[in-house]
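Reproduced below: coords-v3.cif, with mmCIF, C-alpha atoms and all ligand atoms.
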```cif
data_input
loop_
_atom_site.label_atom_id
_atom_site.label_comp_id
_atom_site.auth_asym_id
_atom_site.auth_seq_id
_atom_site.Cartn_x
_atom_site.Cartn_y
_atom_site.Cartn_z
CA VAL A 736 0.00 0.00 0.00
CA GLY A 737 2.91 2.32 0.77
CA ALA A 738 4.46 1.64 -2.62
CA SER A 739 1.12 2.20 -4.30
CA LEU A 740 0.64 5.56 -2.60
CA ALA A 741 4.19 6.60 -3.46
CA ARG A 742 3.58 5.72 -7.08
CA ILE A 743 0.34 7.69 -7.07
CA GLN A 744 2.14 10.68 -5.62
CA ALA A 745 4.83 10.45 -8.30
CA THR A 746 2.61 9.86 -11.34
CA ASP A 747 -0.88 11.14 -10.65
CA PRO A 748 -0.08 14.82 -11.17
CA GLN A 749 0.38 13.82 -14.84
CA VAL A 750 -2.04 10.90 -15.23
CA LYS A 751 -4.86 12.25 -13.02
CA ALA A 752 -6.51 8.89 -12.51
CA PHE A 753 -7.88 9.63 -9.04
CA LEU A 754 -10.73 11.83 -7.91
CA HIS A 755 -10.05 10.95 -4.31
CA VAL A 756 -7.14 9.21 -2.58
CA ASN A 757 -7.72 7.92 0.94
CA GLY A 758 -4.03 7.46 1.72
CA GLU A 759 -4.00 7.72 5.50
CA GLN A 760 -6.93 5.40 5.88
CA ALA A 761 -5.40 2.85 3.52
CA LEU A 762 -2.02 2.97 5.28
CA ALA A 763 -3.65 2.59 8.68
CA ALA A 764 -5.60 -0.42 7.45
CA ALA A 765 -2.41 -1.93 6.02
CA LYS A 766 -0.50 -1.39 9.29
CA THR A 767 -3.22 -3.08 11.30
CA MET A 768 -3.17 -5.99 8.90
CA ASP A 769 0.64 -6.20 9.03
CA ASP A 770 0.48 -6.64 12.78
CA ASN A 771 -2.02 -9.38 12.49
CA ILE A 772 -1.51 -11.62 9.46
CA PRO A 773 -3.93 -14.52 9.67
CA SER A 774 -2.65 -17.98 8.78
CA ASP A 775 -5.29 -18.24 6.04
CA ALA A 776 -4.53 -14.86 4.43
CA GLY A 777 -5.56 -15.03 0.79
CA LEU A 778 -3.90 -13.67 -2.34
CA LEU A 779 -5.62 -10.29 -2.02
CA PHE A 780 -4.51 -9.76 1.57
CA ALA A 781 -3.30 -6.13 1.94
CA MET A 782 -3.20 -5.66 -1.84
CA PRO A 783 -3.83 -2.08 -3.01
CA GLY A 784 -6.64 -1.50 -5.49
CA ALA A 785 -8.77 1.35 -6.80
CA LEU A 786 -12.51 1.74 -7.25
CA LYS A 787 -14.42 3.54 -9.99
CA ASP A 788 -16.24 6.46 -8.45
CA ASN A 789 -19.70 5.05 -9.19
CA LEU A 790 -19.17 2.31 -6.58
CA ASN A 791 -20.61 3.25 -3.22
CA THR A 792 -18.02 3.35 -0.45
CA LYS A 793 -18.99 4.07 3.12
CA GLY A 794 -17.51 7.28 4.48
CA ILE A 795 -15.62 8.13 1.27
CA PRO A 796 -17.01 10.34 -1.54
CA THR A 797 -18.87 8.67 -4.42
CA THR A 798 -19.36 11.37 -7.04
CA CYS A 799 -19.81 9.50 -10.35
CA ALA A 800 -17.64 12.40 -11.61
CA SER A 801 -20.76 14.56 -11.52
CA LYS A 802 -21.15 18.02 -10.03
CA LEU A 803 -24.52 16.87 -8.77
CA LEU A 804 -22.89 14.32 -6.45
CA GLN A 805 -19.82 16.39 -5.64
CA ASN A 806 -20.58 16.24 -1.91
CA TYR A 807 -22.19 12.80 -1.75
CA ILE A 808 -20.91 10.25 0.75
CA SER A 809 -22.60 6.87 0.77
CA ALA A 810 -23.87 5.35 4.00
CA TYR A 811 -22.87 1.85 2.93
CA ASP A 812 -20.37 -0.20 0.91
CA GLY A 813 -21.63 -1.89 -2.24
CA THR A 814 -21.41 -5.68 -2.35
CA ALA A 815 -18.37 -5.93 -4.66
CA VAL A 816 -16.55 -3.37 -2.52
CA ALA A 817 -17.42 -5.21 0.68
CA LYS A 818 -16.38 -8.55 -0.80
CA LEU A 819 -12.98 -7.20 -1.82
CA GLN A 820 -12.52 -5.84 1.66
CA ALA A 821 -13.52 -9.18 3.17
CA ALA A 822 -10.86 -10.81 0.97
CA GLY A 823 -8.29 -8.45 2.53
CA ALA A 824 -7.85 -5.98 -0.34
CA ILE A 825 -7.32 -2.31 0.50
CA SER A 826 -8.83 0.45 -1.60
CA VAL A 827 -6.50 3.43 -1.96
CA GLY A 828 -9.03 5.66 -3.68
CA LYS A 829 -11.76 6.42 -6.17
CA THR A 830 -11.06 6.83 -9.87
CA ASN A 831 -12.19 9.35 -12.44
CA MET A 832 -14.77 8.45 -15.06
CA ASP A 833 -17.18 9.81 -17.62
CA GLU A 834 -20.06 11.33 -15.65
CA PHE A 835 -22.41 8.51 -14.59
CA GLY A 836 -20.55 6.16 -16.97
CA MET A 837 -21.66 8.01 -20.10
CA GLY A 838 -18.77 8.25 -22.51
CA SER A 839 -15.86 6.45 -24.13
CA SER A 840 -12.90 8.70 -23.35
CA GLY A 841 -13.16 10.02 -19.80
CA GLU A 842 -13.68 13.50 -21.26
CA ASN A 843 -17.20 13.67 -19.82
CA SER A 844 -15.93 13.88 -16.24
CA ALA A 845 -17.21 17.09 -14.65
CA PHE A 846 -13.87 17.57 -12.88
CA PHE A 847 -10.85 16.91 -15.09
CA GLN A 848 -9.52 14.67 -17.82
CA THR A 849 -7.55 11.52 -17.07
CA ARG A 850 -4.61 10.97 -19.40
CA ASN A 851 -3.42 7.80 -21.03
CA PRO A 852 -0.10 6.77 -19.38
CA TRP A 853 1.15 5.57 -22.80
CA ASP A 854 0.77 9.03 -24.30
CA LEU A 855 -0.40 11.91 -22.13
CA GLU A 856 -1.91 13.67 -25.16
CA ARG A 857 -4.38 10.83 -25.63
CA VAL A 858 -7.49 9.62 -23.83
CA PRO A 859 -7.34 6.48 -21.69
CA GLY A 860 -10.76 5.40 -22.98
CA GLY A 861 -13.90 5.32 -20.91
CA SER A 862 -15.99 5.41 -19.06
CA SER A 863 -13.70 3.61 -16.54
CA ALA A 864 -10.93 6.03 -17.49
CA GLY A 865 -9.20 6.39 -14.13
CA SER A 866 -9.44 2.71 -13.25
CA ALA A 867 -7.68 1.72 -16.47
CA ALA A 868 -5.10 4.52 -16.31
CA SER A 869 -4.30 3.73 -12.68
CA VAL A 870 -3.57 0.07 -13.40
CA ALA A 871 -1.60 0.97 -16.54
CA ALA A 872 0.49 3.52 -14.61
CA GLY A 873 1.38 0.91 -12.00
CA GLN A 874 -0.38 2.84 -9.24
CA VAL A 875 -2.46 -0.11 -8.11
CA LEU A 876 -2.50 -3.85 -8.77
CA PHE A 877 -6.15 -3.90 -9.74
CA ALA A 878 -9.14 -1.63 -10.13
CA LEU A 879 -12.85 -2.17 -10.40
CA GLY A 880 -14.72 -0.63 -13.29
CA SER A 881 -18.24 -0.90 -14.62
CA ASP A 882 -19.27 -1.81 -18.14
CA THR A 883 -22.63 -0.88 -19.67
CA GLY A 884 -21.56 -0.85 -23.31
CA GLY A 885 -17.79 -1.32 -23.17
CA SER A 886 -16.59 0.85 -20.29
CA ILE A 887 -14.22 -1.75 -18.85
CA ARG A 888 -13.02 -3.35 -22.09
CA GLN A 889 -12.43 -0.27 -24.28
CA PRO A 890 -10.28 1.58 -21.69
CA ALA A 891 -8.44 -1.70 -21.04
CA ALA A 892 -7.70 -1.88 -24.77
CA PHE A 893 -6.53 1.75 -24.87
CA THR A 894 -4.21 1.35 -21.88
CA GLY A 895 -2.77 -2.12 -22.50
CA THR A 896 -4.48 -3.66 -19.49
CA VAL A 897 -6.78 -6.65 -19.01
CA GLY A 898 -10.47 -5.82 -18.57
CA LEU A 899 -13.30 -8.27 -17.99
CA LYS A 900 -17.02 -7.65 -18.24
CA PRO A 901 -18.61 -10.59 -16.46
CA THR A 902 -21.91 -12.26 -17.40
CA TYR A 903 -24.89 -10.13 -16.42
CA GLY A 904 -25.83 -11.24 -12.90
CA LEU A 905 -22.49 -12.79 -11.92
CA VAL A 906 -21.31 -9.78 -9.89
CA SER A 907 -23.85 -8.03 -7.68
CA ARG A 908 -24.81 -4.51 -8.75
CA PHE A 909 -25.85 -3.59 -5.20
CA GLY A 910 -24.05 -0.34 -4.47
CA LEU A 911 -23.23 0.45 -8.10
CA VAL A 912 -24.88 3.75 -9.04
CA ALA A 913 -27.18 2.63 -11.84
CA PHE A 914 -26.77 3.92 -15.39
CA ALA A 915 -28.67 1.31 -17.46
CA SER A 916 -29.68 -1.44 -15.06
CA SER A 917 -30.23 -4.21 -17.61
CA LEU A 918 -26.72 -3.69 -19.05
CA ASP A 919 -24.48 -2.59 -16.15
CA GLN A 920 -21.90 -5.01 -14.75
CA ILE A 921 -18.95 -4.48 -12.40
CA GLY A 922 -15.65 -6.11 -13.38
CA PRO A 923 -11.87 -6.10 -12.79
CA LEU A 924 -9.10 -4.24 -14.61
CA THR A 925 -5.64 -5.70 -14.02
CA ARG A 926 -2.23 -6.08 -15.59
CA THR A 927 -2.40 -9.87 -15.93
CA ILE A 928 -5.04 -12.51 -16.58
CA GLU A 929 -4.15 -14.27 -13.34
CA ASP A 930 -4.79 -11.11 -11.33
CA ASN A 931 -8.07 -10.71 -13.16
CA ALA A 932 -9.15 -14.22 -12.21
CA ILE A 933 -8.23 -13.59 -8.57
CA VAL A 934 -10.23 -10.36 -8.34
CA LEU A 935 -13.20 -11.86 -10.19
CA GLN A 936 -13.16 -14.75 -7.73
CA ALA A 937 -13.48 -12.31 -4.84
CA ILE A 938 -16.36 -10.24 -6.24
CA ALA A 939 -18.52 -12.86 -8.02
CA GLY A 940 -21.46 -14.68 -6.52
CA TYR A 941 -25.10 -14.53 -5.55
CA ASP A 942 -26.37 -11.55 -3.57
CA ARG A 943 -29.92 -11.32 -2.32
CA GLN A 944 -29.64 -7.51 -2.33
CA ASP A 945 -29.56 -7.45 -6.14
CA SER A 946 -32.76 -8.86 -7.64
CA THR A 947 -30.94 -9.63 -10.91
CA SER A 948 -28.10 -11.51 -9.18
CA ALA A 949 -27.76 -15.03 -10.58
CA ASN A 950 -27.72 -18.05 -8.31
CA ALA A 951 -25.21 -19.77 -10.56
CA GLY A 952 -22.30 -20.86 -8.38
CA VAL A 953 -18.75 -19.57 -8.78
CA PRO A 954 -16.08 -21.90 -10.20
CA ASP A 955 -12.38 -21.72 -9.33
CA TYR A 956 -11.20 -19.28 -12.01
CA ALA A 957 -7.49 -19.59 -11.30
CA ALA A 958 -7.77 -23.36 -11.82
CA ALA A 959 -8.87 -22.67 -15.40
CA LEU A 960 -5.51 -21.09 -16.26
CA THR A 961 -3.98 -24.25 -17.66
CA GLY A 962 -2.20 -22.69 -20.62
CA ASP A 963 -4.01 -25.12 -22.90
CA VAL A 964 -6.19 -24.00 -25.81
CA ASN A 965 -5.65 -27.03 -27.99
CA GLY A 966 -8.92 -27.72 -29.82
CA LEU A 967 -10.56 -24.48 -28.68
CA ARG A 968 -13.16 -23.54 -31.29
CA VAL A 969 -12.90 -19.83 -32.11
CA ALA A 970 -15.46 -17.94 -34.18
CA LEU A 971 -14.50 -14.89 -36.24
CA PRO A 972 -17.58 -12.72 -36.88
CA LYS A 973 -17.19 -11.13 -40.29
CA GLU A 974 -19.17 -8.02 -39.25
CA TYR A 975 -16.43 -7.20 -36.70
CA PHE A 976 -13.70 -7.00 -39.32
CA ASP A 977 -15.35 -4.62 -41.75
CA THR A 978 -14.26 -1.31 -43.17
CA GLY A 979 -14.64 0.66 -39.91
CA LEU A 980 -11.69 -1.23 -38.44
CA ASP A 981 -8.40 0.68 -38.47
CA PRO A 982 -5.91 -1.38 -40.55
CA ILE A 983 -3.18 -1.02 -37.91
CA VAL A 984 -5.53 -2.60 -35.35
CA ARG A 985 -6.54 -5.32 -37.81
CA GLU A 986 -2.89 -6.27 -38.32
CA GLN A 987 -2.37 -6.94 -34.61
CA ILE A 988 -5.60 -8.95 -34.38
CA GLU A 989 -4.55 -11.06 -37.36
CA GLN A 990 -1.24 -11.80 -35.68
CA ALA A 991 -3.10 -12.84 -32.55
CA ILE A 992 -5.19 -15.25 -34.61
CA GLN A 993 -1.97 -16.83 -35.88
CA THR A 994 -0.69 -17.19 -32.33
CA PHE A 995 -3.90 -18.93 -31.28
CA GLU A 996 -3.66 -21.18 -34.31
CA ALA A 997 -0.10 -22.14 -33.37
CA LEU A 998 -1.41 -23.03 -29.91
CA GLY A 999 -3.88 -25.48 -31.42
CA ALA A 1000 -7.09 -23.44 -31.59
CA THR A 1001 -9.34 -23.88 -34.62
CA PHE A 1002 -11.11 -21.06 -36.44
CA GLY A 1003 -14.25 -20.54 -38.46
CA GLU A 1004 -15.87 -17.47 -39.96
CA VAL A 1005 -19.39 -16.73 -38.71
CA SER A 1006 -22.01 -14.04 -39.11
CA LEU A 1007 -23.69 -12.04 -36.35
CA PRO A 1008 -26.12 -10.33 -38.73
CA HIS A 1009 -28.01 -8.24 -36.17
CA SER A 1010 -24.87 -6.72 -34.63
CA LYS A 1011 -25.17 -3.84 -37.07
CA TYR A 1012 -28.24 -2.69 -35.14
CA ALA A 1013 -26.49 -2.91 -31.77
CA VAL A 1014 -25.38 0.71 -31.39
CA ALA A 1015 -28.83 2.05 -32.32
CA THR A 1016 -30.52 -0.47 -30.03
CA TYR A 1017 -28.17 0.35 -27.19
CA TYR A 1018 -28.76 4.08 -27.42
CA LEU A 1019 -32.50 3.53 -27.05
CA ILE A 1020 -32.34 1.03 -24.20
CA ALA A 1021 -29.45 2.63 -22.29
CA THR A 1022 -30.88 6.16 -22.52
CA ALA A 1023 -34.39 4.96 -21.59
CA GLU A 1024 -33.08 3.23 -18.49
CA ALA A 1025 -30.79 6.15 -17.66
CA SER A 1026 -33.65 8.65 -17.85
CA SER A 1027 -35.52 6.59 -15.29
CA ASN A 1028 -32.52 5.83 -13.04
CA LEU A 1029 -31.31 9.42 -12.94
CA ALA A 1030 -34.74 10.74 -11.94
CA ARG A 1031 -33.67 10.13 -8.33
CA PHE A 1032 -31.17 12.98 -8.49
CA ASP A 1033 -33.66 15.69 -7.70
CA GLY A 1034 -31.81 17.78 -5.13
CA VAL A 1035 -33.87 16.27 -2.31
CA ARG A 1036 -32.26 12.96 -1.46
CA TYR A 1037 -28.72 12.96 -2.85
CA GLY A 1038 -25.90 15.36 -3.45
CA VAL A 1039 -25.97 19.01 -4.24
CA ARG A 1040 -29.13 21.14 -3.99
CA VAL A 1041 -29.52 24.46 -5.72
CA GLU A 1042 -31.87 26.51 -3.55
CA ALA A 1043 -34.86 28.10 -5.26
CA ASP A 1044 -38.18 29.75 -4.32
CA ASN A 1045 -40.29 26.69 -4.92
CA LEU A 1046 -39.93 22.93 -5.28
CA LEU A 1047 -40.22 22.75 -9.06
CA ASP A 1048 -37.58 25.41 -9.60
CA MET A 1049 -35.35 23.65 -7.10
CA TYR A 1050 -35.61 20.42 -9.17
CA LYS A 1051 -34.97 22.25 -12.41
CA GLN A 1052 -32.03 24.27 -11.20
CA THR A 1053 -30.41 21.39 -9.37
CA ARG A 1054 -30.60 19.15 -12.43
CA GLY A 1055 -29.87 21.97 -14.85
CA GLU A 1056 -26.68 22.94 -13.06
CA GLY A 1057 -25.71 19.53 -11.68
CA PHE A 1058 -25.74 17.39 -14.84
CA GLY A 1059 -23.27 17.80 -17.70
CA ALA A 1060 -24.20 18.09 -21.38
CA GLU A 1061 -23.90 14.39 -22.27
CA VAL A 1062 -26.00 13.32 -19.28
CA LYS A 1063 -28.71 15.80 -20.23
CA ARG A 1064 -28.61 14.59 -23.83
CA ARG A 1065 -29.18 11.01 -22.67
CA ILE A 1066 -31.97 11.93 -20.28
CA MET A 1067 -33.77 13.77 -23.08
CA LEU A 1068 -33.28 10.94 -25.58
CA GLY A 1069 -34.45 8.35 -23.06
CA THR A 1070 -37.44 10.35 -21.93
CA TYR A 1071 -38.48 10.78 -25.55
CA ALA A 1072 -38.02 7.06 -26.29
CA LEU A 1073 -40.25 6.13 -23.38
CA SER A 1074 -42.95 8.75 -23.90
CA SER A 1075 -46.45 7.56 -24.63
CA GLY A 1076 -47.11 7.00 -28.30
CA TYR A 1077 -43.41 6.42 -28.98
CA TYR A 1078 -42.83 3.52 -26.63
CA ASP A 1079 -43.86 0.79 -29.10
CA ALA A 1080 -41.97 2.31 -32.00
CA ASN A 1081 -38.76 2.88 -30.03
CA TYR A 1082 -38.25 1.06 -26.75
CA LEU A 1083 -40.31 -2.05 -27.46
CA ARG A 1084 -38.77 -2.46 -30.89
CA ALA A 1085 -35.29 -2.05 -29.44
CA GLN A 1086 -36.03 -4.84 -26.95
CA LYS A 1087 -37.02 -7.12 -29.83
CA VAL A 1088 -33.81 -6.37 -31.73
CA ARG A 1089 -31.91 -7.02 -28.51
CA THR A 1090 -33.35 -10.55 -28.49
CA LEU A 1091 -32.28 -11.05 -32.11
CA ILE A 1092 -28.74 -9.96 -31.21
CA LYS A 1093 -28.68 -12.45 -28.35
CA GLN A 1094 -29.98 -15.23 -30.61
CA ASP A 1095 -27.16 -14.56 -33.09
CA PHE A 1096 -24.68 -15.30 -30.30
CA ASP A 1097 -26.65 -18.39 -29.17
CA ARG A 1098 -26.40 -19.81 -32.68
CA VAL A 1099 -22.64 -19.23 -32.83
CA PHE A 1100 -22.04 -20.70 -29.37
CA ALA A 1101 -23.79 -23.92 -30.38
CA GLU A 1102 -20.69 -24.60 -32.48
CA TYR A 1103 -17.92 -22.48 -30.97
CA ASP A 1104 -16.35 -21.90 -27.55
CA VAL A 1105 -15.41 -18.23 -27.96
CA VAL A 1106 -15.85 -15.35 -30.38
CA LEU A 1107 -12.73 -13.34 -31.21
CA SER A 1108 -12.76 -9.71 -32.36
CA PRO A 1109 -11.01 -6.40 -31.86
CA THR A 1110 -12.12 -4.61 -28.67
CA ALA A 1111 -12.30 -1.22 -30.37
CA PRO A 1112 -11.92 -0.09 -33.99
CA THR A 1113 -9.04 2.26 -33.17
CA THR A 1114 -6.25 2.78 -30.67
CA ALA A 1115 -6.42 5.61 -28.09
CA PHE A 1116 -7.36 8.87 -29.78
CA GLN A 1117 -6.35 12.43 -28.98
CA PHE A 1118 -8.25 14.67 -26.59
CA GLY A 1119 -11.02 16.51 -28.37
CA ALA A 1120 -10.89 14.26 -31.44
CA LYS A 1121 -14.47 13.02 -30.99
CA THR A 1122 -16.08 15.47 -28.58
CA SER A 1123 -17.76 17.62 -31.22
CA ASP A 1124 -19.73 14.72 -32.68
CA PRO A 1125 -21.33 12.32 -30.17
CA LEU A 1126 -22.07 9.79 -32.93
CA THR A 1127 -18.41 9.17 -33.77
CA MET A 1128 -17.78 8.75 -30.04
CA TYR A 1129 -20.68 6.25 -29.82
CA LEU A 1130 -19.24 4.23 -32.72
CA ASN A 1131 -16.05 3.49 -30.79
CA ASP A 1132 -18.12 0.95 -28.83
CA ILE A 1133 -19.37 -0.90 -31.89
CA TYR A 1134 -17.66 -4.20 -30.96
CA THR A 1135 -18.34 -4.09 -27.23
CA ILE A 1136 -22.00 -3.04 -27.10
CA PRO A 1137 -23.55 -6.25 -28.56
CA VAL A 1138 -22.05 -8.19 -25.64
CA ASN A 1139 -23.92 -6.13 -23.01
CA LEU A 1140 -27.15 -6.42 -24.98
CA ALA A 1141 -26.72 -10.23 -25.00
CA GLY A 1142 -25.77 -10.33 -21.30
CA ILE A 1143 -22.70 -12.50 -21.98
CA PRO A 1144 -19.10 -12.13 -20.73
CA ALA A 1145 -16.14 -10.71 -22.64
CA ILE A 1146 -12.54 -9.86 -21.89
CA SER A 1147 -10.12 -7.42 -23.49
CA VAL A 1148 -6.52 -8.64 -23.57
CA PRO A 1149 -3.47 -6.63 -24.65
CA CYS A 1150 -2.43 -7.72 -28.13
CA GLY A 1151 0.65 -5.86 -29.27
CA LEU A 1152 1.23 -2.24 -30.20
CA ALA A 1153 0.23 -0.21 -33.23
CA ASN A 1154 2.27 2.97 -33.73
CA GLY A 1155 3.38 2.63 -30.14
CA LEU A 1156 -0.13 2.39 -28.70
CA PRO A 1157 -1.77 -0.70 -27.18
CA VAL A 1158 -4.30 -2.76 -29.14
CA GLY A 1159 -6.97 -4.80 -27.38
CA LEU A 1160 -8.21 -8.22 -28.42
CA GLN A 1161 -11.74 -9.10 -27.35
CA LEU A 1162 -12.78 -12.64 -26.49
CA ILE A 1163 -16.52 -13.16 -26.01
CA GLY A 1164 -17.89 -16.22 -24.22
CA LYS A 1165 -21.03 -18.12 -23.30
CA ALA A 1166 -23.02 -16.94 -20.29
CA PHE A 1167 -21.22 -17.88 -17.04
CA ASP A 1168 -18.28 -19.35 -18.95
CA GLU A 1169 -15.70 -16.81 -17.73
CA SER A 1170 -13.37 -19.77 -17.13
CA THR A 1171 -12.99 -20.44 -20.85
CA LEU A 1172 -12.37 -16.74 -21.56
CA LEU A 1173 -9.70 -16.55 -18.88
CA ARG A 1174 -8.11 -19.81 -20.03
CA ALA A 1175 -7.91 -18.64 -23.63
CA ALA A 1176 -6.65 -15.19 -22.69
CA HIS A 1177 -4.05 -16.67 -20.34
CA ALA A 1178 -2.69 -19.05 -22.97
CA PHE A 1179 -2.38 -16.12 -25.36
CA GLU A 1180 -0.79 -13.82 -22.78
N1 LIG B 1201 -19.43 4.43 -24.07
C1 LIG B 1201 -20.72 3.85 -23.83
C2 LIG B 1201 -21.67 4.95 -23.40
O1 LIG B 1201 -21.31 6.06 -23.47
C3 LIG B 1201 -20.63 2.77 -22.81
C4 LIG B 1201 -20.44 3.32 -21.46
C5 LIG B 1201 -20.37 2.27 -20.40
O2 LIG B 1201 -20.14 1.09 -20.66
N2 LIG B 1201 -20.67 2.69 -19.17
O3 LIG B 1201 -22.78 4.71 -23.00
#
```

What does this structure look like when you write it as structure tokens?
Ligand code: GLN
Amino acid sequence: VGASLARIQATDPQVKAFLHVNGEQALAAAKTMDDNIPSDAGLLFAMPGALKDNLNTKGIPTTCASKLLQNYISAYDGTAVAKLQAAGAISVGKTNMDEFGMGSSGENSAFFQTRNPWDLERVPGGSSAGSAASVAAGQVLFALGSDTGGSIRQPAAFTGTVGLKPTYGLVSRFGLVAFASSLDQIGPLTRTIEDNAIVLQAIAGYDRQDSTSANAGVPDYAAALTGDVNGLRVALPKEYFDTGLDPIVREQIEQAIQTFEALGATFGEVSLPHSKYAVATYYLIATAEASSNLARFDGVRYGVRVEADNLLDMYKQTRGEGFGAEVKRRIMLGTYALSSGYYDANYLRAQKVRTLIKQDFDRVFAEYDVVLSPTAPTTAFQFGAKTSDPLTMYLNDIYTIPVNLAGIPAISVPCGLANGLPVGLQLIGKAFDESTLLRAAHAFE
């Protein structure tokens, strides 16, 4: 923990991964643990980690990088946070993010921009910008992020780290500030696959406080890291290798395919024909759910209140001043999509397309063990490159979004450099088959 804090002190003035560092508290916890090492101390005992700032932490600010929650301190720890603590891990602080998880670059933080440790002129990806940057900068051994449409995997790809979005329902969402409840999942960002398996082990499992938590049992993930992918059946979806893919990214992915082939994996080309509707579907479902989830930030119960003469003006001014532009855009889009008369044409239709997207994956997984694709169409881009046009920003998640809509797990693994910047390889798996993803990624690593 001391080394982690020293590293943060040395590098965070440039990287700016953290919104809040609880150094004294973390050191005190570590000292107490040092004096009292139990004989059954696990692998996470006294290990320093970081938490995305949309994870509720008792007594420590949870701002979601929003002005509206600038002063908010949760009264409880979320389940994933509590489980990590129970496993002995020590959180050294809360990481920067796109406000409420809405973004792909970290630039939508209300407070400041986190920089990519590989090139300080470039974004670290988002929305789990600080979590990814912190791991990449060697400030912590692991970080938790959340992934609604790619927010763990895309920043992992941009920073050369490992990022896993678990199956929907594997990790409890209790204590995660909701963005789009049917898509959100908490997951680990780490430097290695083994670390990822260890952190996943600690946070996975049934939780009665999350009504969508799955009662599925948690296998021994580290035991899956055999190094063996002989006979692994890998599907290559042709829609994920189309013209939108930057050729320098494609080259690295093609080399990765050759490595897997040399390790004994077999390949086949498949089609996921409805994936082309995924971004449009996502931006209806995610904004609809966000408009409903964010209704709770009314100046009465949480965070900052802007005083006004009457209740309605208080609501309006609090939300008007508290939310950033992207959050407002999403609330308006979602409210429109859900409004009476438009519901059937927009939201209901999006739900139907979502089912078609899931069925595409079901068909592929009847014959294959994993799907392989790039994580993102490009490497880390420069600050400001996509901020003027939200649609080009949205398209950076084209390969990650279908996975959230289908509820299945996927991991981004570092796969070489292109022009000196990390490229991420995405492996997508069957529901609750994180073991196969980790095994394949580990063999490749
Ligand atoms: N970039 C996507 C969005 O802006 C996904 C974000 C996320 O996964 N939280 O919604």

> What is the distance between CA of Ser1147 in chain A and CA of Asn950 in chain A, in Å to one decimal?
Replying inline: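 Calculated distance between CA of Ser1147 in chain A and CA of Asn950 in chain A is 25.6 Å.
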
>> Taking all atoms listed in the file into account, which residues have an atom no farther than 6 Å from ligand LIG 1201 (chain B)? I'd like them as an MDAnalysis selection string.
In response: chainID A and resid 836:839 862 882:886

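What separates CA of Ala913 in chain A from CA of Val1039 in chain A is a distance of 18.1 Å.
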
> In Å, how far is it from CA of Leu786 in chain A to CA of Thr1135 in chain A?
Replying inline: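 We find that CA of Leu786 in chain A and CA of Thr1135 in chain A lie 21.6 Å from each other.
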
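Proximity to Leu804 in chain A was assessed for A:Val1035, A:Val1014, A:Ala1111, A:Leu918 counting only C-alpha atoms; the smallest distance is recorded for A:Val1035.
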
> Smallest atom-to-atom distance to Gly823 in chain A: which of A:Leu980, A:Ala781, A:Val1138, A:Leu803, using only C-alpha atoms?
Replying inline: A:Ala781

> Near Arg1098 in chain A, within 12 Å and counting only C-alpha atoms, which residues show up once chain neighbours fewer than 2 positions away are dropped, as a ChimeraX atom specification?
Replying inline: /A:970,1005-1008,1091-1096,1100-1104,1106,1165

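Using all atoms listed in the file, the shortest contact distance between Ala864 in chain A and any of A:Leu924, A:Ala1023, A:Leu967, A:Ala1145 is found at A:Leu924.
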
So for range 1081-1089 of chain A, what box centre and size do we get, axis-aligned, 5 Å extra on each of the six sides, every listed atom, Å to one decimal, as JSON?
```
{"center_x": -36.1, "center_y": -2.1, "center_z": -29.2, "size_x": 18.4, "size_y": 20.0, "size_z": 15.0}
```

>> Which residues are close to Ser1170 in chain A, i.e. within 7 Å by all atoms listed in the file, leaving aside same-chain residues fewer than 2 positions away? Reply as number ranges by chain.
In response: A: 956, 959, 1168, 1172-1174

How about completing range 1027-1034 of chain A with N, CA and C atoms and giving it to me as a PDB file, in the frame of the given file?
```pdb
ATOM      1  N   SER A1027     -34.773   7.035 -16.464  1.00  0.00           N
ATOM      2  CA  SER A1027     -35.520   6.590 -15.290  1.00  0.00           C
ATOM      3  C   SER A1027     -34.607   6.539 -14.052  1.00  0.00           C
ATOM      4  N   ASN A1028     -33.423   5.943 -14.185  1.00  0.00           N
ATOM      5  CA  ASN A1028     -32.520   5.830 -13.040  1.00  0.00           C
ATOM      6  C   ASN A1028     -32.075   7.188 -12.500  1.00  0.00           C
ATOM      7  N   LEU A1029     -31.844   8.135 -13.391  1.00  0.00           N
ATOM      8  CA  LEU A1029     -31.310   9.420 -12.940  1.00  0.00           C
ATOM      9  C   LEU A1029     -32.395  10.369 -12.435  1.00  0.00           C
ATOM     10  N   ALA A1030     -33.655   9.912 -12.478  1.00  0.00           N
ATOM     11  CA  ALA A1030     -34.740  10.740 -11.940  1.00  0.00           C
ATOM     12  C   ALA A1030     -34.577  10.934 -10.429  1.00  0.00           C
ATOM     13  N   ARG A1031     -33.831  10.035  -9.794  1.00  0.00           N
ATOM     14  CA  ARG A1031     -33.670  10.130  -8.330  1.00  0.00           C
ATOM     15  C   ARG A1031     -32.799  11.310  -7.914  1.00  0.00           C
ATOM     16  N   PHE A1032     -32.048  11.856  -8.845  1.00  0.00           N
ATOM     17  CA  PHE A1032     -31.170  12.980  -8.490  1.00  0.00           C
ATOM     18  C   PHE A1032     -31.942  14.279  -8.657  1.00  0.00           C
ATOM     19  N   ASP A1033     -32.700  14.603  -7.627  1.00  0.00           N
ATOM     20  CA  ASP A1033     -33.660  15.690  -7.700  1.00  0.00           C
ATOM     21  C   ASP A1033     -33.335  16.824  -6.731  1.00  0.00           C
ATOM     22  N   GLY A1034     -32.171  16.736  -6.084  1.00  0.00           N
ATOM     23  CA  GLY A1034     -31.810  17.780  -5.130  1.00  0.00           C
ATOM     24  C   GLY A1034     -32.401  17.547  -3.742  1.00  0.00           C
TER      25      GLY A1034
END
```
